[in-house]
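Participant: final21.txt is reproduced in full below (compact mmCIF, C-alpha atoms and all ligand atoms).
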```
# COMPACT_ATOMS: atom_id res chain seq x y z
CA MET A 1 0.91 -21.68 -6.09
CA PRO A 2 -1.76 -20.56 -3.56
CA ARG A 3 -4.20 -23.11 -2.10
CA GLU A 4 -7.18 -24.55 -3.99
CA TRP A 5 -10.78 -23.54 -3.18
CA ASP A 6 -14.14 -25.36 -3.24
CA ALA A 7 -15.51 -23.02 -5.89
CA LYS A 8 -18.99 -24.58 -6.24
CA THR A 9 -19.72 -24.39 -2.51
CA TYR A 10 -18.21 -20.89 -2.43
CA ASP A 11 -20.75 -19.65 -4.99
CA SER A 12 -23.65 -21.31 -3.16
CA LEU A 13 -23.01 -19.36 0.08
CA PRO A 14 -24.56 -16.06 1.21
CA LEU A 15 -21.30 -14.18 0.67
CA PRO A 16 -20.77 -10.73 2.22
CA HIS A 17 -18.31 -10.47 -0.69
CA LEU A 18 -21.26 -9.42 -2.91
CA GLY A 19 -21.58 -6.17 -0.98
CA TRP A 20 -17.81 -5.69 -0.79
CA GLY A 21 -17.64 -6.18 -4.57
CA ARG A 22 -20.41 -3.65 -5.28
CA ARG A 23 -18.80 -1.12 -2.92
CA THR A 24 -15.37 -1.55 -4.51
CA LEU A 25 -16.73 -1.31 -8.08
CA ALA A 26 -18.43 1.95 -7.08
CA ARG A 27 -15.05 3.40 -6.01
CA LEU A 28 -13.34 2.65 -9.36
CA PRO A 29 -13.73 5.45 -11.94
CA LEU A 30 -14.01 3.96 -15.47
CA GLU A 31 -14.66 5.41 -18.95
CA GLY A 32 -15.74 2.05 -20.40
CA ASP A 33 -12.83 1.25 -22.73
CA GLU A 34 -10.10 0.33 -20.25
CA ARG A 35 -8.22 -2.93 -19.65
CA VAL A 36 -8.68 -3.76 -15.94
CA LEU A 37 -6.93 -6.40 -13.81
CA ASP A 38 -9.23 -8.30 -11.39
CA ALA A 39 -6.58 -9.54 -8.94
CA GLY A 40 -7.71 -12.68 -7.10
CA CYS A 41 -10.89 -12.77 -9.23
CA GLY A 42 -12.13 -16.07 -7.77
CA THR A 43 -15.29 -17.31 -9.52
CA GLY A 44 -15.69 -14.07 -11.49
CA ARG A 45 -18.67 -12.37 -9.83
CA ASP A 46 -16.96 -8.96 -9.95
CA THR A 47 -15.25 -9.78 -13.27
CA ALA A 48 -18.83 -9.85 -14.64
CA GLY A 49 -19.55 -6.53 -12.90
CA LEU A 50 -16.43 -5.04 -14.46
CA LEU A 51 -17.46 -6.25 -17.95
CA ASP A 52 -20.80 -4.46 -17.48
CA LEU A 53 -18.90 -1.23 -16.75
CA LEU A 54 -16.49 -1.79 -19.67
CA PRO A 55 -18.62 -2.13 -22.84
CA ARG A 56 -15.54 -1.37 -25.00
CA GLY A 57 -12.95 -2.69 -22.56
CA ARG A 58 -11.40 -5.92 -21.31
CA VAL A 59 -10.67 -7.66 -18.02
CA VAL A 60 -7.55 -9.63 -17.10
CA ALA A 61 -8.85 -12.12 -14.51
CA VAL A 62 -5.98 -13.50 -12.40
CA ASP A 63 -6.28 -16.15 -9.70
CA GLY A 64 -4.10 -18.86 -8.16
CA SER A 65 -6.89 -21.47 -7.90
CA VAL A 66 -7.68 -23.63 -10.93
CA ARG A 67 -11.12 -24.52 -9.54
CA MET A 68 -12.06 -20.87 -9.00
CA LEU A 69 -11.04 -20.10 -12.61
CA ASP A 70 -13.02 -23.08 -13.96
CA GLN A 71 -16.10 -21.71 -12.19
CA LEU A 72 -15.36 -18.23 -13.62
CA ARG A 73 -15.23 -19.67 -17.16
CA GLU A 74 -18.66 -21.31 -16.57
CA ARG A 75 -20.13 -18.09 -15.18
CA LEU A 76 -18.78 -15.96 -18.02
CA ALA A 77 -19.46 -18.39 -20.89
CA GLY A 78 -20.48 -16.22 -23.86
CA ARG A 79 -18.50 -13.21 -22.59
CA LEU A 80 -15.01 -14.72 -22.50
CA GLU A 81 -13.82 -12.99 -25.66
CA ARG A 82 -13.29 -9.85 -23.52
CA VAL A 83 -11.64 -11.72 -20.61
CA GLU A 84 -8.04 -12.93 -20.36
CA VAL A 85 -8.11 -15.73 -17.77
CA VAL A 86 -4.70 -16.12 -16.13
CA HIS A 87 -3.70 -18.77 -13.57
CA ALA A 88 -0.91 -17.12 -11.60
CA ASP A 89 0.47 -16.16 -8.22
CA LEU A 90 -0.05 -12.42 -7.69
CA THR A 91 3.26 -12.05 -5.85
CA ARG A 92 5.24 -13.24 -8.90
CA PRO A 93 5.84 -11.32 -12.16
CA LEU A 94 2.44 -11.54 -13.86
CA PRO A 95 2.37 -13.71 -17.00
CA PHE A 96 0.29 -11.59 -19.38
CA ASP A 97 1.28 -9.07 -22.06
CA GLY A 98 1.28 -5.30 -21.68
CA GLU A 99 -0.11 -2.98 -19.04
CA VAL A 100 -3.53 -2.51 -17.47
CA ASP A 101 -5.30 0.82 -16.88
CA ALA A 102 -6.58 -0.13 -13.42
CA VAL A 103 -6.26 -2.82 -10.76
CA PHE A 104 -9.35 -4.02 -8.85
CA SER A 105 -9.47 -6.63 -6.08
CA VAL A 106 -11.95 -7.95 -3.51
CA ALA A 107 -11.22 -10.21 -0.53
CA ALA A 108 -7.93 -11.55 -1.90
CA PHE A 109 -4.94 -9.57 -0.59
CA HIS A 110 -5.10 -10.86 3.02
CA TRP A 111 -4.36 -14.36 1.64
CA ILE A 112 -0.98 -13.00 0.55
CA ASP A 113 1.78 -12.63 3.18
CA ASP A 114 4.12 -10.41 1.28
CA HIS A 115 2.29 -7.18 0.46
CA ALA A 116 5.53 -5.46 -0.59
CA ALA A 117 6.00 -8.11 -3.32
CA LEU A 118 2.30 -7.95 -4.21
CA PHE A 119 2.25 -4.16 -4.66
CA ALA A 120 5.54 -4.27 -6.63
CA SER A 121 4.09 -6.95 -8.93
CA LEU A 122 0.88 -4.92 -9.49
CA ALA A 123 2.78 -1.64 -10.00
CA GLY A 124 4.86 -3.42 -12.65
CA ARG A 125 1.70 -4.01 -14.75
CA LEU A 126 -0.27 -0.82 -14.02
CA CYS A 127 0.21 2.10 -16.43
CA PRO A 128 1.42 5.44 -14.99
CA GLY A 129 -1.63 7.32 -13.68
CA GLY A 130 -3.63 4.06 -13.42
CA ARG A 131 -5.78 3.47 -10.33
CA LEU A 132 -5.54 0.65 -7.78
CA VAL A 133 -8.91 0.17 -6.01
CA THR A 134 -9.13 -2.79 -3.66
CA GLU A 135 -10.45 -4.21 -0.42
CA CYS A 136 -9.43 -7.12 1.79
CA GLY A 137 -9.31 -8.16 5.45
CA GLY A 138 -7.44 -5.59 7.54
CA ARG A 139 -5.99 -5.22 11.05
CA GLY A 140 -8.40 -6.72 13.61
CA ASN A 141 -10.22 -8.83 11.00
CA ILE A 142 -12.00 -11.95 12.39
CA ALA A 143 -10.40 -11.51 15.83
CA ALA A 144 -13.28 -13.37 17.52
CA VAL A 145 -13.04 -16.28 15.06
CA ASN A 146 -9.27 -16.47 15.59
CA ALA A 147 -9.81 -16.47 19.38
CA ALA A 148 -12.29 -19.36 18.97
CA VAL A 149 -9.75 -21.26 16.82
CA ALA A 150 -7.02 -20.72 19.45
CA ASP A 151 -9.40 -21.92 22.17
CA VAL A 152 -10.30 -25.08 20.23
CA LEU A 153 -6.64 -25.85 19.50
CA GLY A 154 -5.67 -25.12 23.10
CA GLY A 155 -2.99 -22.56 22.31
CA ASP A 156 -2.20 -19.91 19.74
CA ALA A 157 -4.08 -20.12 16.43
CA PRO A 158 -1.74 -20.95 13.51
CA GLU A 159 -0.84 -17.71 11.73
CA VAL A 160 -2.66 -18.03 8.43
CA TRP A 161 -3.02 -14.29 7.84
CA ASP A 162 -1.15 -11.16 8.87
CA PHE A 163 -3.94 -8.62 8.50
CA ALA A 164 -2.34 -5.35 7.38
CA GLY A 165 -3.02 -2.00 9.04
CA ALA A 166 -3.54 1.40 7.40
CA ALA A 167 -0.14 2.95 8.21
CA ASP A 168 1.97 -0.04 7.09
CA THR A 169 -0.12 -0.32 3.91
CA ARG A 170 0.43 3.39 3.09
CA GLU A 171 4.20 2.90 3.49
CA ARG A 172 4.28 -0.24 1.31
CA LEU A 173 2.22 1.44 -1.43
CA ALA A 174 4.52 4.48 -1.45
CA ALA A 175 7.58 2.20 -1.61
CA ALA A 176 6.05 0.38 -4.62
CA GLY A 177 5.54 3.68 -6.49
CA PHE A 178 1.95 4.65 -5.68
CA THR A 179 0.74 8.21 -4.91
CA ASP A 180 -2.64 9.71 -3.86
CA VAL A 181 -2.86 6.86 -1.40
CA GLU A 182 -6.07 6.54 0.62
CA VAL A 183 -6.34 3.63 3.07
CA GLY A 184 -9.05 3.00 5.66
CA LEU A 185 -10.29 0.26 7.98
CA ARG A 186 -14.04 -0.46 8.10
CA PRO A 187 -15.61 -2.83 10.67
CA ASP A 188 -18.20 -4.87 8.75
CA PRO A 189 -19.52 -7.88 10.72
CA ALA A 190 -21.48 -10.50 8.73
CA ARG A 191 -24.30 -12.51 10.34
CA PHE A 192 -25.27 -16.07 9.29
CA GLU A 193 -27.96 -18.58 10.18
CA PRO A 194 -26.63 -20.59 13.14
CA GLY A 195 -25.84 -24.26 12.39
CA GLU A 196 -25.31 -25.50 8.84
CA GLN A 197 -25.07 -22.13 7.09
CA LEU A 198 -22.52 -20.71 9.53
CA GLU A 199 -20.51 -23.94 9.56
CA SER A 200 -20.45 -24.26 5.77
CA TYR A 201 -19.36 -20.62 5.48
CA LEU A 202 -16.59 -21.06 8.07
CA ALA A 203 -15.36 -24.28 6.42
CA THR A 204 -15.34 -22.93 2.87
CA VAL A 205 -14.32 -19.29 3.25
CA VAL A 206 -12.68 -18.69 6.63
CA LEU A 207 -11.11 -21.91 7.94
CA GLY A 208 -10.02 -23.55 4.68
CA ALA A 209 -6.32 -23.04 5.30
CA HIS A 210 -6.62 -24.58 8.78
CA LEU A 211 -8.60 -27.53 7.40
CA ASP A 212 -6.05 -28.18 4.62
CA ALA A 213 -3.53 -29.07 7.35
CA MET A 214 -5.90 -31.54 9.13
CA ALA A 215 -6.87 -35.17 8.63
CA ASP A 216 -10.31 -35.56 6.94
CA ASP A 217 -11.98 -36.95 10.08
CA ASP A 218 -10.87 -33.99 12.20
CA ARG A 219 -12.32 -31.30 9.93
CA GLU A 220 -16.05 -31.34 10.69
CA PRO A 221 -15.61 -31.55 14.51
CA PHE A 222 -13.12 -28.66 14.31
CA VAL A 223 -15.53 -26.41 12.38
CA LYS A 224 -18.41 -27.25 14.74
CA ALA A 225 -16.23 -26.52 17.79
CA VAL A 226 -15.16 -23.13 16.39
CA ALA A 227 -18.77 -22.21 15.51
CA ALA A 228 -19.95 -23.26 19.00
CA ARG A 229 -17.44 -20.92 20.65
CA LEU A 230 -18.66 -17.80 18.81
CA ALA A 231 -20.89 -15.67 21.05
CA GLU A 232 -23.14 -14.99 18.03
CA PRO A 233 -23.34 -16.49 14.50
CA VAL A 234 -21.28 -13.55 13.28
CA VAL A 235 -17.93 -13.28 11.48
CA ASP A 236 -16.34 -10.09 12.78
CA TYR A 237 -14.91 -8.71 9.56
CA VAL A 238 -12.77 -5.55 9.38
CA ARG A 239 -12.12 -4.44 5.79
CA LEU A 240 -8.98 -2.67 4.57
CA GLU A 241 -10.02 -0.37 1.70
CA ILE A 242 -7.31 1.04 -0.60
CA SER A 243 -7.37 3.61 -3.41
CA ALA A 244 -4.06 4.70 -4.96
CA THR A 245 -2.56 5.94 -8.23
CA ARG A 246 0.53 4.53 -10.00
CA ALA A 247 2.99 7.43 -10.12
C1 LIG A 301 -12.05 -15.13 -0.81
S1 LIG A 301 -11.60 -15.42 -2.46
C2 LIG A 301 -12.21 -13.90 -3.23
C3 LIG A 301 -12.54 -14.14 -4.68
C4 LIG A 301 -13.31 -13.00 -5.35
N1 LIG A 301 -12.50 -11.81 -5.51
C5 LIG A 301 -14.57 -12.70 -4.59
O1 LIG A 301 -14.70 -11.59 -4.02
O2 LIG A 301 -15.46 -13.57 -4.53
C6 LIG A 301 -9.83 -15.13 -2.47
C7 LIG A 301 -9.21 -15.45 -3.82
O3 LIG A 301 -7.85 -15.01 -3.83
C8 LIG A 301 -7.10 -15.97 -4.55
N2 LIG A 301 -5.69 -15.88 -4.13
C9 LIG A 301 -5.19 -15.97 -2.88
N3 LIG A 301 -3.86 -15.84 -2.90
C10 LIG A 301 -3.50 -15.65 -4.19
C11 LIG A 301 -2.25 -15.44 -4.86
N4 LIG A 301 -1.08 -15.40 -4.19
N5 LIG A 301 -2.26 -15.30 -6.20
C12 LIG A 301 -3.42 -15.35 -6.90
N6 LIG A 301 -4.63 -15.52 -6.32
C13 LIG A 301 -4.67 -15.68 -4.99
C14 LIG A 301 -7.72 -17.30 -4.16
O4 LIG A 301 -7.38 -18.35 -5.04
C15 LIG A 301 -9.20 -16.94 -4.14
O5 LIG A 301 -9.82 -17.18 -5.37
```
Turn this file's structure into structure tokens for me.
Ligand SMILES: C[S@@+](CC[C@H](N)C(=O)[O-])C[C@H]1O[C@@H](n2cnc3c(N)ncnc32)[C@H](O)[C@@H]1O

Facilitator:
Amino acid sequence: MPREWDAKTYDSLPLPHLGWGRRTLARLPLEGDERVLDAGCGTGRDTAGLLDLLPRGRVVAVDGSVRMLDQLRERLAGRLERVEVVHADLTRPLPFDGEVDAVFSVAAFHWIDDHAALFASLAGRLCPGGRLVTECGGRGNIAAVNAAVADVLGGDAPEVWDFAGAADTRERLAAAGFTDVEVGLRPDPARFEPGEQLESYLATVVLGAHLDAMADDDREPFVKAVAARLAEPVVDYVRLEISATRA
């Protein structure tokens, strides 16, 4: 299964994900009665947004982190009768019944190495004519943060992500059976308060996979050293936005 997340701290942070979620919801055409998959739903912020847009519909909320899903259940208490909460790896055959009418995802796909397997798994659950509308980190994402990590470690940064580009993504979507494919890269830097806010954001959202591999005592000095090497308290995001239709 994918790594665990500190879901409580995640929800306490000033997340640029709020804007990414709103922007992605605005790109998804809905009638209000569909069944929609929120792929990598995390703590359910956009699952709630989807429920608002689906007064007669349902959401299948899939994530690989138990703690993120526990936080989602807390957030959506009272609305869970229209949510199927599924703990699963998105690259594996998805363990829920039937098809969905649309797939939605924010800030999740760059955590997954194998986009060919991911798109095949999603296409297997999306009805013909259904829309895939997603965003995640794309080619060039957090290059300055990765350079700071490499500098701190005194060599190449460990390869946690392989941020996909537009052309390779178009090819993988076509191979998985998608048409009407639109893919774009959007630079979208996010600024934080220097010091505690930036460091907490880096530790919880950006550097978690690096920290998982470190001894406890090494973690805080590592985050501080990375933050100190950034020219500005900015995470240099580049977003990969996808819209496509299941053939
Ligand atoms: C940065 S969080 C984004 C969560 C939420 N969509 C948001 O915008 O706040 C990335 C999420 O993707 C999930 N994830 C990463 N790899 C996954 C995989 N292979 N299968 C399922 N979920 C995965 C993580 O557990 C995490 O909750």

Participant: Using all atoms listed in the file, I'd like a table of the residues in chain A that come within 8 Å of ligand LIG 301 (chain A); for each, show the closest atom pair and its distance in Å rounded to one decimal, ordered by chain and ascending number, as a Markdown table.

Facilitator:
```
| residue | atom | partner | partner_atom | distance |
| --- | --- | --- | --- | --- |
| A:Met1 | CA | A:LIG301 | N4 | 6.9 |
| A:Pro2 | CA | A:LIG301 | N3 | 5.2 |
| A:Arg3 | CA | A:LIG301 | O4 | 6.4 |
| A:Glu4 | CA | A:LIG301 | O4 | 6.3 |
| A:Trp5 | CA | A:LIG301 | O4 | 6.5 |
| A:Leu15 | CA | A:LIG301 | O2 | 7.8 |
| A:His17 | CA | A:LIG301 | O1 | 5.0 |
| A:Leu18 | CA | A:LIG301 | O1 | 7.0 |
| A:Trp20 | CA | A:LIG301 | O1 | 7.4 |
| A:Gly21 | CA | A:LIG301 | O1 | 6.2 |
| A:Asp38 | CA | A:LIG301 | N1 | 7.6 |
| A:Ala39 | CA | A:LIG301 | N6 | 6.8 |
| A:Gly40 | CA | A:LIG301 | O3 | 4.0 |
| A:Cys41 | CA | A:LIG301 | N1 | 4.2 |
| A:Gly42 | CA | A:LIG301 | O5 | 3.5 |
| A:Thr43 | CA | A:LIG301 | O2 | 6.2 |
| A:Gly44 | CA | A:LIG301 | C4 | 6.7 |
| A:Arg45 | CA | A:LIG301 | O2 | 6.3 |
| A:Asp46 | CA | A:LIG301 | O1 | 6.9 |
| A:Val62 | CA | A:LIG301 | C12 | 6.3 |
| A:Asp63 | CA | A:LIG301 | N6 | 3.8 |
| A:Gly64 | CA | A:LIG301 | C12 | 3.8 |
| A:Ser65 | CA | A:LIG301 | O4 | 4.3 |
| A:Val66 | CA | A:LIG301 | O4 | 7.9 |
| A:Met68 | CA | A:LIG301 | O5 | 5.6 |
| A:Leu69 | CA | A:LIG301 | O5 | 7.9 |
| A:His87 | CA | A:LIG301 | C12 | 7.5 |
| A:Ala88 | CA | A:LIG301 | C12 | 5.6 |
| A:Asp89 | CA | A:LIG301 | N5 | 3.5 |
| A:Leu90 | CA | A:LIG301 | N5 | 3.9 |
| A:Thr91 | CA | A:LIG301 | N4 | 5.7 |
| A:Ser105 | CA | A:LIG301 | N1 | 6.0 |
| A:Val106 | CA | A:LIG301 | N1 | 4.4 |
| A:Ala107 | CA | A:LIG301 | C2 | 4.7 |
| A:Ala108 | CA | A:LIG301 | O3 | 4.0 |
| A:Phe109 | CA | A:LIG301 | N3 | 6.8 |
| A:His110 | CA | A:LIG301 | C9 | 7.8 |
| A:Trp111 | CA | A:LIG301 | N3 | 4.8 |
| A:Ile112 | CA | A:LIG301 | N4 | 5.3 |
| A:Val205 | CA | A:LIG301 | C1 | 6.2 |
```

Participant: I'd like to know which of A:Ala209, A:Val238, A:Ser200, A:Leu37 is closest to Gly98 in chain A, using all atoms listed in the file.

Facilitator: A:Leu37

Participant: Which residue, A:Gly177, A:Pro93, A:Gly184, A:Gly140, has the smallest gap to Phe163 in chain A when you use only C-alpha atoms?

Facilitator: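 Closest to Phe163 in chain A of all the choices is A:Gly140.
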
Participant: From the set A:Gly137, A:Gly57, A:Pro128, A:Pro29, which residue has the shortest atom-to-atom contact distance to Phe178 in chain A, counting only C-alpha atoms?

Facilitator: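 Ranking A:Gly137, A:Gly57, A:Pro128, A:Pro29 by distance to Phe178 in chain A, first place goes to A:Pro128.
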
Participant: Hey, which of A:Asp188, A:Val145, A:Asp216, A:Gly208 ends up closest to Glu232 in chain A? Count all atoms listed in the file.

Facilitator: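 Counting all atoms listed in the file, the residue closest to Glu232 in chain A is A:Val145.
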
Participant: Kindly indicate which residue among A:Pro14, A:Gly129, A:Pro189, A:Pro95 lies nearest to Ala244 in chain A, using all atoms listed in the file for the distances.

Facilitator: A:Gly129

Participant: Pick from A:Gln71, A:Thr134, A:Ser121, A:Asn146: nearest to Glu99 in chain A, with only C-alpha atoms counted?

Facilitator: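 Ranking A:Gln71, A:Thr134, A:Ser121, A:Asn146 by distance to Glu99 in chain A, first place goes to A:Ser121.
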
Participant: For a test of reading the model, state the distance in Å between CA of Arg75 in chain A and CA of Tyr201 in chain A, rounded to one decimal.

Facilitator: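 Between CA of Arg75 in chain A and CA of Tyr201 in chain A the gap works out to 20.8 Å.
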
Participant: Which residues come within 12 Å of Arg79 in chain A, counting all atoms listed in the file, excluding same-chain residues fewer than 2 positions away, as a list of chain:residue names?

Facilitator: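 The neighbour list is A:Gly44, A:Thr47, A:Ala48, A:Gly49, A:Leu50, A:Leu51, A:Asp52, A:Leu54, A:Pro55, A:Gly57, A:Arg58, A:Val59, A:Leu72, A:Arg73, A:Glu74, A:Arg75, A:Leu76, A:Ala77, A:Glu81, A:Arg82, A:Val83, A:Glu84, A:Val85.
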
Participant: Just the residues within 9 Å of Ala176 in chain A, please, counting all atoms listed in the file, with nothing from its chain fewer than 6 positions along; format it as a list in words.

Facilitator: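 Here the answer would be Ala116, Ala117, Phe119, Ala120, Ser121, Leu122, Ala123, Gly124 and Arg246 of chain A.
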
Participant: List the spatial neighbours of Val235 in chain A as a short mmCIF file (atom, residue, chain, number, x, y, z; two decimals) with C-alpha atoms, in the frame of the given file - criterion: any atom at most 9 Å away, only C-alpha atoms, same-chain residues fewer than 4 positions off excluded.

Facilitator:
```cif
data_model
loop_
_atom_site.label_atom_id
_atom_site.label_comp_id
_atom_site.auth_asym_id
_atom_site.auth_seq_id
_atom_site.Cartn_x
_atom_site.Cartn_y
_atom_site.Cartn_z
CA ASN A 141 -10.22 -8.83 11.00
CA ILE A 142 -12.00 -11.95 12.39
CA ALA A 143 -10.40 -11.51 15.83
CA ALA A 144 -13.28 -13.37 17.52
CA VAL A 145 -13.04 -16.28 15.06
CA ASP A 188 -18.20 -4.87 8.75
CA PRO A 189 -19.52 -7.88 10.72
CA ALA A 190 -21.48 -10.50 8.73
CA ARG A 191 -24.30 -12.51 10.34
CA PHE A 192 -25.27 -16.07 9.29
CA LEU A 198 -22.52 -20.71 9.53
CA LEU A 202 -16.59 -21.06 8.07
CA VAL A 206 -12.68 -18.69 6.63
CA LEU A 230 -18.66 -17.80 18.81
#
```

Participant: Report the distance between CA of Ala247 in chain A and CA of Cys136 in chain A in Å, rounded to one decimal place.

Facilitator: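 Between CA of Ala247 in chain A and CA of Cys136 in chain A the gap is 22.5 Å.
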
Participant: So how far away is CA of Asp113 in chain A from CA of Ala157 in chain A, in Å?

Facilitator: 16.3 Å

Participant: Could you pull the residues within 9 Å of Leu53 in chain A, counting all atoms listed in the file, minus those fewer than 5 positions along the same chain, as a list in words?

Facilitator: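 Near Leu53 in chain A, the qualifying residues are Leu25, Leu30, Glu31, Gly32, Asp33 and Ala48 of chain A.
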
Participant: Need the shell around Phe222 in chain A: protein/DNA/RNA residues with any atom at most 9 Å away, counting only C-alpha atoms. Skip same-chain ones fewer than 4 positions apart. Format as a PyMOL selection string?

Facilitator: chain A and resi 149+152-153+211+218+226-227

Participant: Write to file, as a PDB file, keeping the file's coordinate frame, the residues of the selection just made, with C-alpha atoms.

Facilitator:
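Saved result, again-v1.pdb, follows:
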```
ATOM      1  CA  VAL A 149      -9.750 -21.260  16.820  1.00  0.00           C
ATOM      2  CA  VAL A 152     -10.300 -25.080  20.230  1.00  0.00           C
ATOM      3  CA  LEU A 153      -6.640 -25.850  19.500  1.00  0.00           C
ATOM      4  CA  LEU A 211      -8.600 -27.530   7.400  1.00  0.00           C
ATOM      5  CA  ASP A 218     -10.870 -33.990  12.200  1.00  0.00           C
ATOM      6  CA  VAL A 226     -15.160 -23.130  16.390  1.00  0.00           C
ATOM      7  CA  ALA A 227     -18.770 -22.210  15.510  1.00  0.00           C
TER       8      ALA A 227
END
```
